[in-house]
Amino acid sequence: MIHTEHKSVLLQFELQNKTSTLKSDIISTVEFNCSGELLATGDKGGRVVIFQREQESKNRLLSRGEYNVYSTFQSHEPEFDYLKSLEIEEKINKIRWLPQQNAAHFLLSANDKTIKLWKISERDKRAEGYNLKDEDGRLRDQFRITTLRVPVLMPMDLMVEASPRRIFANAHTYHINSISVNSDYETYLSADDLRINLWHLEITDRSFNIVDIKPANMEELTEVITAAECHPHQCNVFVYSSSKGTIRLCDTRAAALCDRHSKFFEEPEDPSSRSFFSEIISSISDVKFSHSGRYMMTRDYLSVKVWDLNMENRPVETYQVHEYLRSKLCSLYENDCIFDKFECCWNGSDSAIMTGSYNNFFRMFDRNTRRDITLEASRENSKPRAMLKPRKVCTGGKRKKDEISVDSLDFNKKILHTAWHPKENVIAVAATNNLYIFQDKIN
């Protein structure tokens, strides 16, 4: 259940405290870890910033655990492919957390070509009293060592270290658009425009190609892979979406190369509504399984659709995100906004979904009541712990006081990346180079 009066700002973070927006500062991915205590963001500069939720205290009941910067590190650097004379951007396309097994945290980060496994660990003690070296690290003269010392652990200021444990490279000819950790927690898949590879987390020098849609003659290419994800409970099942608006569910038990899908999800097109832009706006930009594994959600340019895995011929739910833009498709095509790739996400109980829009708007839909709400993430109307007011877009006629005209929308301000806390009503919204974190109203 989504209550419009129950949304308030928890905290607003700026990754860079600058008045102008540098391209390298633009957030390109947002992801909560499995517990929701950590939140990772990646940007176009190849950096990963991790926020940690502060523990609640009796003296700060109103905070309910604010998120503060925990660690920042450079994940990817710009590279150059000399064989193809291509620059490889450092931009972080995807971040995926691995379930926590010990005190350390692990995450996968990917740019266009390379995936890295990072270990995030803490150190609050250091060893002192070595026999063969001084405290500053210089080797001691062995002839002056007359006694045997037992090193001891001494407390020190907390240090958070990020170290690359694995680098998975040289497996993708085209740009990586998705990575997804499998439910066996030993393997993960990575997808580019034409191929999907299956990796083992311990093996970096080889992967298994499980989907290959590249035609023998590239002139016959009619569609590309846009997103892929593993099933949350069945390690043999995964789905991938295409630029034609279709979703294929595959089972690795049926064949090693899943060129033949097990299920094919497609909604029949209404011939009366077909236009020049139909194929472009039907392209799926994101696909997400529900936590239960019973449903999956897809995002195309104008809508979000929920599919039952047992029904392939049409979605069980369709939510219009910004239908008022249908009359603006021509201008959106001219400024390339029609090719924007919006993501979508479920809440922890699968009862609500969220996705972004333009003008820094983001949309939330309650699946039980079919109510929806439009909210705005901006510095102008968002102060810490202030109520967020619903926004409405006027499509024609007389505009009411609190409405905004569709002609006044700023298409440079767009929310492509969102994330929902896996257990609580806490959401993260990336608006260009700003990260906003909202939570339910504190009573």
# chains A, B, ... in the order shown; residues from 1 in each chain; ligands from 1
call {"tool": "residues_around", "arguments": {"residues": "Lys244 of chain A", "least_positions_apart": "2", "cutoff": "6 Å", "atoms": "only C-alpha atoms", "output": "list in words"}}
result
Ser242, Thr246 and Ser283 of chain A
call {"tool": "residues_around", "arguments": {"residues": "Arg206 of chain A", "least_positions_apart": "4", "cutoff": "10 Å", "atoms": "only C-alpha atoms", "output": "CSV table (one decimal) with C-alpha atoms, in the first residue's frame"}}
result
chain,number,residue,atom,x,y,z
A,168,PHE,CA,36.4,-11.2,-15.8
A,169,ALA,CA,37.5,-9.9,-19.2
A,170,ASN,CA,37.7,-10.6,-23.0
A,171,ALA,CA,34.4,-12.4,-23.2
A,197,ASN,CA,27.6,-15.8,-21.0
A,198,LEU,CA,27.6,-17.9,-17.8
A,199,TRP,CA,30.5,-17.4,-15.4
A,200,HIS,CA,31.8,-19.2,-12.3
call {"tool": "select_by_dssp", "arguments": {"residues": "segment 174-382 of chain A", "states": "strand (DSSP E or B)", "output": "PDB file with C-alpha atoms, in the first residue's frame"}}
result
ATOM      1  CA  SER A 178      23.300  -6.791 -17.722  1.00  0.00           C
ATOM      2  CA  ILE A 179      24.884  -8.899 -15.005  1.00  0.00           C
ATOM      3  CA  SER A 180      22.882 -11.131 -12.671  1.00  0.00           C
ATOM      4  CA  VAL A 181      24.009 -13.356  -9.787  1.00  0.00           C
ATOM      5  CA  THR A 187      27.691 -18.505 -10.961  1.00  0.00           C
ATOM      6  CA  TYR A 188      26.441 -15.369 -12.650  1.00  0.00           C
ATOM      7  CA  LEU A 189      25.476 -14.349 -16.158  1.00  0.00           C
ATOM      8  CA  SER A 190      26.516 -11.355 -18.232  1.00  0.00           C
ATOM      9  CA  ALA A 191      24.712 -10.171 -21.350  1.00  0.00           C
ATOM     10  CA  ARG A 195      25.254 -12.980 -26.444  1.00  0.00           C
ATOM     11  CA  ILE A 196      24.770 -14.143 -22.864  1.00  0.00           C
ATOM     12  CA  ASN A 197      27.645 -15.785 -20.982  1.00  0.00           C
ATOM     13  CA  LEU A 198      27.596 -17.876 -17.809  1.00  0.00           C
ATOM     14  CA  TRP A 199      30.547 -17.433 -15.438  1.00  0.00           C
ATOM     15  CA  HIS A 200      31.777 -19.186 -12.324  1.00  0.00           C
ATOM     16  CA  PHE A 208      30.141 -20.599 -21.187  1.00  0.00           C
ATOM     17  CA  ASN A 209      28.140 -19.007 -23.971  1.00  0.00           C
ATOM     18  CA  ILE A 210      24.495 -19.918 -23.258  1.00  0.00           C
ATOM     19  CA  VAL A 211      22.700 -17.605 -25.719  1.00  0.00           C
ATOM     20  CA  ASP A 212      23.946 -16.428 -29.109  1.00  0.00           C
ATOM     21  CA  ILE A 225      19.284  -8.410 -26.285  1.00  0.00           C
ATOM     22  CA  THR A 226      18.420  -5.513 -23.977  1.00  0.00           C
ATOM     23  CA  ALA A 227      18.412  -7.094 -20.489  1.00  0.00           C
ATOM     24  CA  ALA A 228      18.807 -10.468 -18.753  1.00  0.00           C
ATOM     25  CA  GLU A 229      18.250 -11.813 -15.242  1.00  0.00           C
ATOM     26  CA  CYS A 230      18.516 -15.095 -13.324  1.00  0.00           C
ATOM     27  CA  VAL A 237      16.127 -20.594 -15.231  1.00  0.00           C
ATOM     28  CA  PHE A 238      16.825 -17.148 -16.652  1.00  0.00           C
ATOM     29  CA  VAL A 239      15.068 -14.631 -18.900  1.00  0.00           C
ATOM     30  CA  TYR A 240      16.223 -12.120 -21.449  1.00  0.00           C
ATOM     31  CA  SER A 241      14.365  -9.331 -23.219  1.00  0.00           C
ATOM     32  CA  SER A 242      14.770  -7.957 -26.706  1.00  0.00           C
ATOM     33  CA  ILE A 247      10.861 -11.894 -23.408  1.00  0.00           C
ATOM     34  CA  ARG A 248      12.316 -15.376 -23.603  1.00  0.00           C
ATOM     35  CA  LEU A 249      12.541 -17.708 -20.632  1.00  0.00           C
ATOM     36  CA  CYS A 250      15.272 -20.344 -20.925  1.00  0.00           C
ATOM     37  CA  ASP A 251      16.125 -23.498 -18.966  1.00  0.00           C
ATOM     38  CA  LYS A 263       8.697 -19.851 -22.940  1.00  0.00           C
ATOM     39  CA  PHE A 264       8.073 -16.826 -25.139  1.00  0.00           C
ATOM     40  CA  PHE A 265       6.271 -13.802 -23.724  1.00  0.00           C
ATOM     41  CA  ASP A 286      14.669  -3.642 -18.100  1.00  0.00           C
ATOM     42  CA  VAL A 287      13.368  -6.977 -16.826  1.00  0.00           C
ATOM     43  CA  LYS A 288      13.126  -7.988 -13.156  1.00  0.00           C
ATOM     44  CA  PHE A 289      11.830 -11.149 -11.474  1.00  0.00           C
ATOM     45  CA  TYR A 295       6.108 -12.876 -11.754  1.00  0.00           C
ATOM     46  CA  MET A 296       8.437 -10.743 -13.801  1.00  0.00           C
ATOM     47  CA  MET A 297       8.254  -7.068 -14.639  1.00  0.00           C
ATOM     48  CA  THR A 298       9.331  -5.374 -17.852  1.00  0.00           C
ATOM     49  CA  ARG A 299       9.769  -1.697 -18.667  1.00  0.00           C
ATOM     50  CA  SER A 303       4.718   1.521 -19.601  1.00  0.00           C
ATOM     51  CA  VAL A 304       5.549  -1.131 -17.012  1.00  0.00           C
ATOM     52  CA  LYS A 305       4.100  -4.618 -17.464  1.00  0.00           C
ATOM     53  CA  VAL A 306       3.829  -7.472 -14.966  1.00  0.00           C
ATOM     54  CA  TRP A 307       3.842 -10.998 -16.397  1.00  0.00           C
ATOM     55  CA  ASP A 308       2.792 -14.253 -14.780  1.00  0.00           C
ATOM     56  CA  GLU A 317      -0.945  -6.004 -15.273  1.00  0.00           C
ATOM     57  CA  THR A 318      -0.039  -2.935 -17.322  1.00  0.00           C
ATOM     58  CA  TYR A 319       0.791   0.443 -15.792  1.00  0.00           C
ATOM     59  CA  GLN A 320       1.123   3.594 -17.903  1.00  0.00           C
ATOM     60  CA  CYS A 344      12.189  -0.593 -12.748  1.00  0.00           C
ATOM     61  CA  CYS A 345      12.165  -2.289  -9.345  1.00  0.00           C
ATOM     62  CA  TRP A 346       9.906  -4.191  -6.907  1.00  0.00           C
ATOM     63  CA  ALA A 352       4.397  -2.229  -5.313  1.00  0.00           C
ATOM     64  CA  ILE A 353       6.664  -1.239  -8.189  1.00  0.00           C
ATOM     65  CA  MET A 354       8.643   1.878  -9.036  1.00  0.00           C
ATOM     66  CA  THR A 355      10.178   3.362 -12.165  1.00  0.00           C
ATOM     67  CA  GLY A 356      11.467   6.720 -13.363  1.00  0.00           C
ATOM     68  CA  TYR A 358      11.303  12.875 -16.986  1.00  0.00           C
ATOM     69  CA  PHE A 361       9.615  12.514 -11.685  1.00  0.00           C
ATOM     70  CA  PHE A 362       9.342   8.925 -10.548  1.00  0.00           C
ATOM     71  CA  ARG A 363       6.239   6.764 -10.507  1.00  0.00           C
ATOM     72  CA  MET A 364       5.034   4.241  -7.909  1.00  0.00           C
ATOM     73  CA  PHE A 365       2.205   1.763  -8.441  1.00  0.00           C
ATOM     74  CA  ASP A 366       0.349  -0.220  -5.764  1.00  0.00           C
ATOM     75  CA  ASP A 372      -0.453   5.255  -8.430  1.00  0.00           C
ATOM     76  CA  ILE A 373       1.497   8.339  -7.496  1.00  0.00           C
ATOM     77  CA  THR A 374       3.974  10.678  -9.174  1.00  0.00           C
ATOM     78  CA  LEU A 375       6.711  12.171  -6.993  1.00  0.00           C
ATOM     79  CA  GLU A 376       9.590  14.515  -7.765  1.00  0.00           C
TER      80      GLU A 376
END
call {"tool": "atom_distance", "arguments": {"atom1": "atom CA of Leu158 of chain A", "atom2": "atom CA of Glu122 of chain A"}}
result
6.8 Å
call {"tool": "atom_distance", "arguments": {"atom1": "atom CA of Leu132 of chain A", "atom2": "atom CA of Pro155 of chain A"}}
result
21.5 Å
call {"tool": "residues_around", "arguments": {"residues": "Asp340 of chain A", "least_positions_apart": "4", "cutoff": "12 Å", "atoms": "only C-alpha atoms", "output": "PDB file with N, CA, C and O atoms, in the first residue's frame"}}
result
ATOM      1  N   ILE A 280      10.195   1.174 -31.699  1.00  0.00           N
ATOM      2  CA  ILE A 280      11.155   1.808 -30.785  1.00  0.00           C
ATOM      3  C   ILE A 280      10.613   1.818 -29.364  1.00  0.00           C
ATOM      4  O   ILE A 280      11.310   1.457 -28.413  1.00  0.00           O
ATOM      5  N   ILE A 281       9.355   2.231 -29.192  1.00  0.00           N
ATOM      6  CA  ILE A 281       8.818   2.355 -27.832  1.00  0.00           C
ATOM      7  C   ILE A 281       8.447   1.004 -27.232  1.00  0.00           C
ATOM      8  O   ILE A 281       8.231   0.901 -26.020  1.00  0.00           O
ATOM      9  N   SER A 283      10.527  -1.542 -27.345  1.00  0.00           N
ATOM     10  CA  SER A 283      11.790  -2.142 -26.898  1.00  0.00           C
ATOM     11  C   SER A 283      11.849  -2.154 -25.374  1.00  0.00           C
ATOM     12  O   SER A 283      11.572  -1.149 -24.719  1.00  0.00           O
ATOM     13  N   ILE A 284      12.200  -3.294 -24.804  1.00  0.00           N
ATOM     14  CA  ILE A 284      12.233  -3.452 -23.341  1.00  0.00           C
ATOM     15  C   ILE A 284      13.595  -3.005 -22.819  1.00  0.00           C
ATOM     16  O   ILE A 284      14.631  -3.470 -23.285  1.00  0.00           O
ATOM     17  N   SER A 285      13.586  -2.095 -21.869  1.00  0.00           N
ATOM     18  CA  SER A 285      14.835  -1.576 -21.321  1.00  0.00           C
ATOM     19  C   SER A 285      15.252  -2.271 -20.034  1.00  0.00           C
ATOM     20  O   SER A 285      16.417  -2.174 -19.638  1.00  0.00           O
ATOM     21  N   ASP A 286      14.321  -2.969 -19.352  1.00  0.00           N
ATOM     22  CA  ASP A 286      14.669  -3.642 -18.100  1.00  0.00           C
ATOM     23  C   ASP A 286      13.702  -4.787 -17.849  1.00  0.00           C
ATOM     24  O   ASP A 286      12.524  -4.710 -18.215  1.00  0.00           O
ATOM     25  N   ARG A 299       9.968  -3.128 -18.437  1.00  0.00           N
ATOM     26  CA  ARG A 299       9.769  -1.697 -18.667  1.00  0.00           C
ATOM     27  C   ARG A 299      10.052  -1.389 -20.129  1.00  0.00           C
ATOM     28  O   ARG A 299      11.125  -1.698 -20.644  1.00  0.00           O
ATOM     29  N   ASP A 300       9.080  -0.845 -20.812  1.00  0.00           N
ATOM     30  CA  ASP A 300       9.320  -0.292 -22.142  1.00  0.00           C
ATOM     31  C   ASP A 300       9.250   1.237 -22.025  1.00  0.00           C
ATOM     32  O   ASP A 300       9.206   1.774 -20.919  1.00  0.00           O
ATOM     33  N   TYR A 301       9.213   1.941 -23.136  1.00  0.00           N
ATOM     34  CA  TYR A 301       9.357   3.395 -23.047  1.00  0.00           C
ATOM     35  C   TYR A 301       8.186   4.066 -22.334  1.00  0.00           C
ATOM     36  O   TYR A 301       8.388   5.011 -21.557  1.00  0.00           O
ATOM     37  N   LEU A 302       6.966   3.590 -22.560  1.00  0.00           N
ATOM     38  CA  LEU A 302       5.797   4.270 -22.003  1.00  0.00           C
ATOM     39  C   LEU A 302       5.143   3.545 -20.836  1.00  0.00           C
ATOM     40  O   LEU A 302       4.303   4.129 -20.148  1.00  0.00           O
ATOM     41  N   LEU A 332      10.637  13.702 -29.221  1.00  0.00           N
ATOM     42  CA  LEU A 332      11.485  12.835 -28.398  1.00  0.00           C
ATOM     43  C   LEU A 332      12.417  12.000 -29.273  1.00  0.00           C
ATOM     44  O   LEU A 332      13.528  11.652 -28.857  1.00  0.00           O
ATOM     45  N   TYR A 333      11.977  11.689 -30.468  1.00  0.00           N
ATOM     46  CA  TYR A 333      12.828  10.975 -31.419  1.00  0.00           C
ATOM     47  C   TYR A 333      13.935  11.887 -31.937  1.00  0.00           C
ATOM     48  O   TYR A 333      15.099  11.470 -32.062  1.00  0.00           O
ATOM     49  N   ASN A 335      15.337  14.434 -30.407  1.00  0.00           N
ATOM     50  CA  ASN A 335      16.372  14.720 -29.400  1.00  0.00           C
ATOM     51  C   ASN A 335      16.941  13.455 -28.755  1.00  0.00           C
ATOM     52  O   ASN A 335      17.659  13.528 -27.752  1.00  0.00           O
ATOM     53  N   ASP A 336      16.606  12.288 -29.314  1.00  0.00           N
ATOM     54  CA  ASP A 336      17.145  10.979 -28.890  1.00  0.00           C
ATOM     55  C   ASP A 336      16.632  10.511 -27.529  1.00  0.00           C
ATOM     56  O   ASP A 336      17.068   9.466 -27.038  1.00  0.00           O
ATOM     57  N   GLY A 356      11.207   5.300 -13.195  1.00  0.00           N
ATOM     58  CA  GLY A 356      11.467   6.720 -13.363  1.00  0.00           C
ATOM     59  C   GLY A 356      10.796   7.319 -14.579  1.00  0.00           C
ATOM     60  O   GLY A 356      10.239   6.619 -15.429  1.00  0.00           O
ATOM     61  N   SER A 357      10.884   8.656 -14.662  1.00  0.00           N
ATOM     62  CA  SER A 357      10.316   9.393 -15.784  1.00  0.00           C
ATOM     63  C   SER A 357      11.155  10.656 -15.991  1.00  0.00           C
ATOM     64  O   SER A 357      12.280  10.750 -15.494  1.00  0.00           O
ATOM     65  N   TYR A 358      10.600  11.624 -16.710  1.00  0.00           N
ATOM     66  CA  TYR A 358      11.303  12.875 -16.986  1.00  0.00           C
ATOM     67  C   TYR A 358      10.934  13.943 -15.956  1.00  0.00           C
ATOM     68  O   TYR A 358      10.046  13.763 -15.133  1.00  0.00           O
ATOM     69  N   PHE A 411      13.252  17.452 -20.299  1.00  0.00           N
ATOM     70  CA  PHE A 411      13.659  16.105 -20.699  1.00  0.00           C
ATOM     71  C   PHE A 411      15.140  15.839 -20.441  1.00  0.00           C
ATOM     72  O   PHE A 411      15.610  14.714 -20.609  1.00  0.00           O
ATOM     73  N   ASN A 412      15.880  16.859 -20.015  1.00  0.00           N
ATOM     74  CA  ASN A 412      17.269  16.641 -19.608  1.00  0.00           C
ATOM     75  C   ASN A 412      17.353  16.133 -18.173  1.00  0.00           C
ATOM     76  O   ASN A 412      18.371  15.583 -17.772  1.00  0.00           O
ATOM     77  N   LYS A 413      16.279  16.368 -17.413  1.00  0.00           N
ATOM     78  CA  LYS A 413      16.209  15.837 -16.051  1.00  0.00           C
ATOM     79  C   LYS A 413      15.429  14.533 -16.109  1.00  0.00           C
ATOM     80  O   LYS A 413      14.217  14.539 -16.321  1.00  0.00           O
ATOM     81  N   LYS A 414      16.108  13.439 -15.929  1.00  0.00           N
ATOM     82  CA  LYS A 414      15.452  12.134 -16.067  1.00  0.00           C
ATOM     83  C   LYS A 414      15.938  11.200 -14.976  1.00  0.00           C
ATOM     84  O   LYS A 414      17.093  11.255 -14.556  1.00  0.00           O
ATOM     85  N   ILE A 415      15.027  10.360 -14.502  1.00  0.00           N
ATOM     86  CA  ILE A 415      15.383   9.360 -13.488  1.00  0.00           C
ATOM     87  C   ILE A 415      15.362   8.002 -14.173  1.00  0.00           C
ATOM     88  O   ILE A 415      14.299   7.436 -14.430  1.00  0.00           O
ATOM     89  N   LEU A 416      16.546   7.516 -14.493  1.00  0.00           N
ATOM     90  CA  LEU A 416      16.680   6.224 -15.161  1.00  0.00           C
ATOM     91  C   LEU A 416      16.900   5.089 -14.168  1.00  0.00           C
ATOM     92  O   LEU A 416      16.511   3.950 -14.431  1.00  0.00           O
ATOM     93  N   HIS A 417      17.514   5.397 -13.015  1.00  0.00           N
ATOM     94  CA  HIS A 417      17.954   4.346 -12.094  1.00  0.00           C
ATOM     95  C   HIS A 417      17.310   4.520 -10.724  1.00  0.00           C
ATOM     96  O   HIS A 417      17.390   5.587 -10.111  1.00  0.00           O
TER      97      HIS A 417
END
call {"tool": "closest_residue", "arguments": {"among": "A:Asn425, A:Thr418, A:Thr114, A:Gln101", "to": "Thr29 of chain A", "atoms": "only C-alpha atoms"}}
result
A:Thr418
call {"tool": "residues_around", "arguments": {"residues": "Lys113 of chain A", "least_positions_apart": "4", "cutoff": "7 Å", "atoms": "only C-alpha atoms", "output": "list in words"}}
result
Ala169, His172, His175 and Ile176 of chain A
call {"tool": "select_by_dssp", "arguments": {"residues": "segment 201-355 of chain A", "states": "alpha helix (DSSP H)", "output": "number ranges by chain"}}
result
A: 278-282, 329-334
call {"tool": "atom_distance", "arguments": {"atom1": "atom CA of Tyr67 of chain A", "atom2": "atom CA of Gln55 of chain A"}}
result
9.5 Å
call {"tool": "closest_residue", "arguments": {"among": "A:Arg370, A:His105, A:Lys116, A:Arg47", "to": "Val160 of chain A", "atoms": "only C-alpha atoms"}}
result
A:His105
call {"tool": "closest_residue", "arguments": {"among": "A:Met218, A:Ala431, A:Leu309, A:Ile437", "to": "Ser262 of chain A", "atoms": "only C-alpha atoms"}}
result
A:Leu309
call {"tool": "closest_residue", "arguments": {"among": "A:Cys337, A:Leu329, A:Met156, A:Leu435", "to": "Val69 of chain A", "atoms": "only C-alpha atoms"}}
result
A:Leu435
call {"tool": "residues_around", "arguments": {"residues": "Lys214 of chain A", "least_positions_apart": "4", "cutoff": "12 Å", "atoms": "only C-alpha atoms", "output": "PyMOL selection string"}}
result
chain A and resi 173-174+192-196+218-225+259
call {"tool": "write_last_selection", "arguments": {"atoms": "N, CA and C atoms", "output": "PDB file, in the first residue's frame"}}
result
ATOM      1  N   THR A 173      32.123  -9.146 -27.114  1.00  0.00           N
ATOM      2  CA  THR A 173      32.445  -8.328 -28.286  1.00  0.00           C
ATOM      3  C   THR A 173      31.655  -7.030 -28.272  1.00  0.00           C
ATOM      4  N   TYR A 174      30.454  -7.089 -27.724  1.00  0.00           N
ATOM      5  CA  TYR A 174      29.575  -5.920 -27.691  1.00  0.00           C
ATOM      6  C   TYR A 174      29.442  -5.435 -26.248  1.00  0.00           C
ATOM      7  N   ASP A 192      25.391  -9.085 -23.396  1.00  0.00           N
ATOM      8  CA  ASP A 192      25.598  -7.936 -24.258  1.00  0.00           C
ATOM      9  C   ASP A 192      24.512  -7.934 -25.332  1.00  0.00           C
ATOM     10  N   ASP A 193      24.698  -7.196 -26.399  1.00  0.00           N
ATOM     11  CA  ASP A 193      23.641  -7.046 -27.402  1.00  0.00           C
ATOM     12  C   ASP A 193      23.256  -8.358 -28.078  1.00  0.00           C
ATOM     13  N   LEU A 194      24.199  -9.282 -28.215  1.00  0.00           N
ATOM     14  CA  LEU A 194      23.930 -10.491 -28.996  1.00  0.00           C
ATOM     15  C   LEU A 194      24.212 -11.793 -28.265  1.00  0.00           C
ATOM     16  N   ARG A 195      24.880 -11.737 -27.117  1.00  0.00           N
ATOM     17  CA  ARG A 195      25.254 -12.980 -26.444  1.00  0.00           C
ATOM     18  C   ARG A 195      25.062 -12.875 -24.931  1.00  0.00           C
ATOM     19  N   ILE A 196      24.822 -14.039 -24.326  1.00  0.00           N
ATOM     20  CA  ILE A 196      24.770 -14.143 -22.864  1.00  0.00           C
ATOM     21  C   ILE A 196      25.773 -15.206 -22.443  1.00  0.00           C
ATOM     22  N   MET A 218      25.293 -10.227 -40.662  1.00  0.00           N
ATOM     23  CA  MET A 218      24.840  -9.174 -39.757  1.00  0.00           C
ATOM     24  C   MET A 218      23.775  -8.275 -40.384  1.00  0.00           C
ATOM     25  N   GLU A 219      23.651  -8.297 -41.708  1.00  0.00           N
ATOM     26  CA  GLU A 219      22.602  -7.516 -42.360  1.00  0.00           C
ATOM     27  C   GLU A 219      21.216  -8.090 -42.071  1.00  0.00           C
ATOM     28  N   GLU A 220      21.182  -9.334 -41.596  1.00  0.00           N
ATOM     29  CA  GLU A 220      19.916  -9.976 -41.261  1.00  0.00           C
ATOM     30  C   GLU A 220      19.521  -9.765 -39.798  1.00  0.00           C
ATOM     31  N   LEU A 221      20.308  -8.980 -39.080  1.00  0.00           N
ATOM     32  CA  LEU A 221      20.031  -8.728 -37.658  1.00  0.00           C
ATOM     33  C   LEU A 221      18.753  -7.907 -37.511  1.00  0.00           C
ATOM     34  N   THR A 222      17.799  -8.415 -36.739  1.00  0.00           N
ATOM     35  CA  THR A 222      16.516  -7.733 -36.564  1.00  0.00           C
ATOM     36  C   THR A 222      16.248  -7.321 -35.121  1.00  0.00           C
ATOM     37  N   GLU A 223      16.961  -7.902 -34.170  1.00  0.00           N
ATOM     38  CA  GLU A 223      16.741  -7.546 -32.772  1.00  0.00           C
ATOM     39  C   GLU A 223      18.011  -7.778 -31.976  1.00  0.00           C
ATOM     40  N   VAL A 224      18.084  -7.135 -30.822  1.00  0.00           N
ATOM     41  CA  VAL A 224      19.223  -7.300 -29.921  1.00  0.00           C
ATOM     42  C   VAL A 224      18.717  -7.586 -28.514  1.00  0.00           C
ATOM     43  N   ILE A 225      19.595  -8.147 -27.691  1.00  0.00           N
ATOM     44  CA  ILE A 225      19.284  -8.410 -26.285  1.00  0.00           C
ATOM     45  C   ILE A 225      19.408  -7.098 -25.514  1.00  0.00           C
ATOM     46  N   ASP A 259      19.510 -21.546 -27.366  1.00  0.00           N
ATOM     47  CA  ASP A 259      18.972 -20.832 -28.517  1.00  0.00           C
ATOM     48  C   ASP A 259      17.473 -21.071 -28.663  1.00  0.00           C
TER      49      ASP A 259
END
call {"tool": "residues_around", "arguments": {"residues": "Asn131 of chain A", "least_positions_apart": "4", "cutoff": "8 Å", "atoms": "only C-alpha atoms", "output": "ChimeraX atom specification"}}
result
/A:140,145,148-151
call {"tool": "residues_around", "arguments": {"residues": "Pro232 of chain A", "least_positions_apart": "6", "cutoff": "9 Å", "atoms": "only C-alpha atoms", "output": "compact mmCIF listing (two decimals) with N, CA, C and O atoms, in the first residue's frame"}}
result
# COMPACT_ATOMS: atom_id res chain seq x y z
N VAL A 181 23.46 -12.27 -10.60
CA VAL A 181 24.01 -13.36 -9.79
C VAL A 181 22.97 -14.47 -9.68
O VAL A 181 21.80 -14.22 -9.41
N ASN A 182 23.41 -15.69 -9.88
CA ASN A 182 22.51 -16.83 -9.85
C ASN A 182 22.16 -17.21 -8.41
O ASN A 182 22.87 -16.86 -7.46
N SER A 183 21.07 -17.96 -8.26
CA SER A 183 20.62 -18.33 -6.91
C SER A 183 21.50 -19.40 -6.27
O SER A 183 21.36 -19.65 -5.07
N PHE A 289 12.68 -10.16 -12.14
CA PHE A 289 11.83 -11.15 -11.47
C PHE A 289 11.32 -10.58 -10.17
O PHE A 289 12.01 -9.80 -9.49
N SER A 290 10.11 -10.99 -9.78
CA SER A 290 9.63 -10.65 -8.44
C SER A 290 10.40 -11.48 -7.42
O SER A 290 11.00 -12.51 -7.77
N HIS A 291 10.41 -11.05 -6.16
CA HIS A 291 11.15 -11.79 -5.14
C HIS A 291 10.60 -13.21 -4.97
O HIS A 291 11.34 -14.13 -4.64
N SER A 292 9.30 -13.37 -5.21
CA SER A 292 8.68 -14.69 -5.07
C SER A 292 9.06 -15.61 -6.23
O SER A 292 8.97 -16.83 -6.11
N GLY A 293 9.45 -15.03 -7.37
CA GLY A 293 9.77 -15.83 -8.54
C GLY A 293 8.57 -16.19 -9.39
O GLY A 293 8.71 -16.84 -10.42
call {"tool": "closest_residue", "arguments": {"among": "A:Lys392, A:Lys133, A:Arg123, A:Lys84", "to": "Ala162 of chain A", "atoms": "only C-alpha atoms"}}
result
A:Arg123
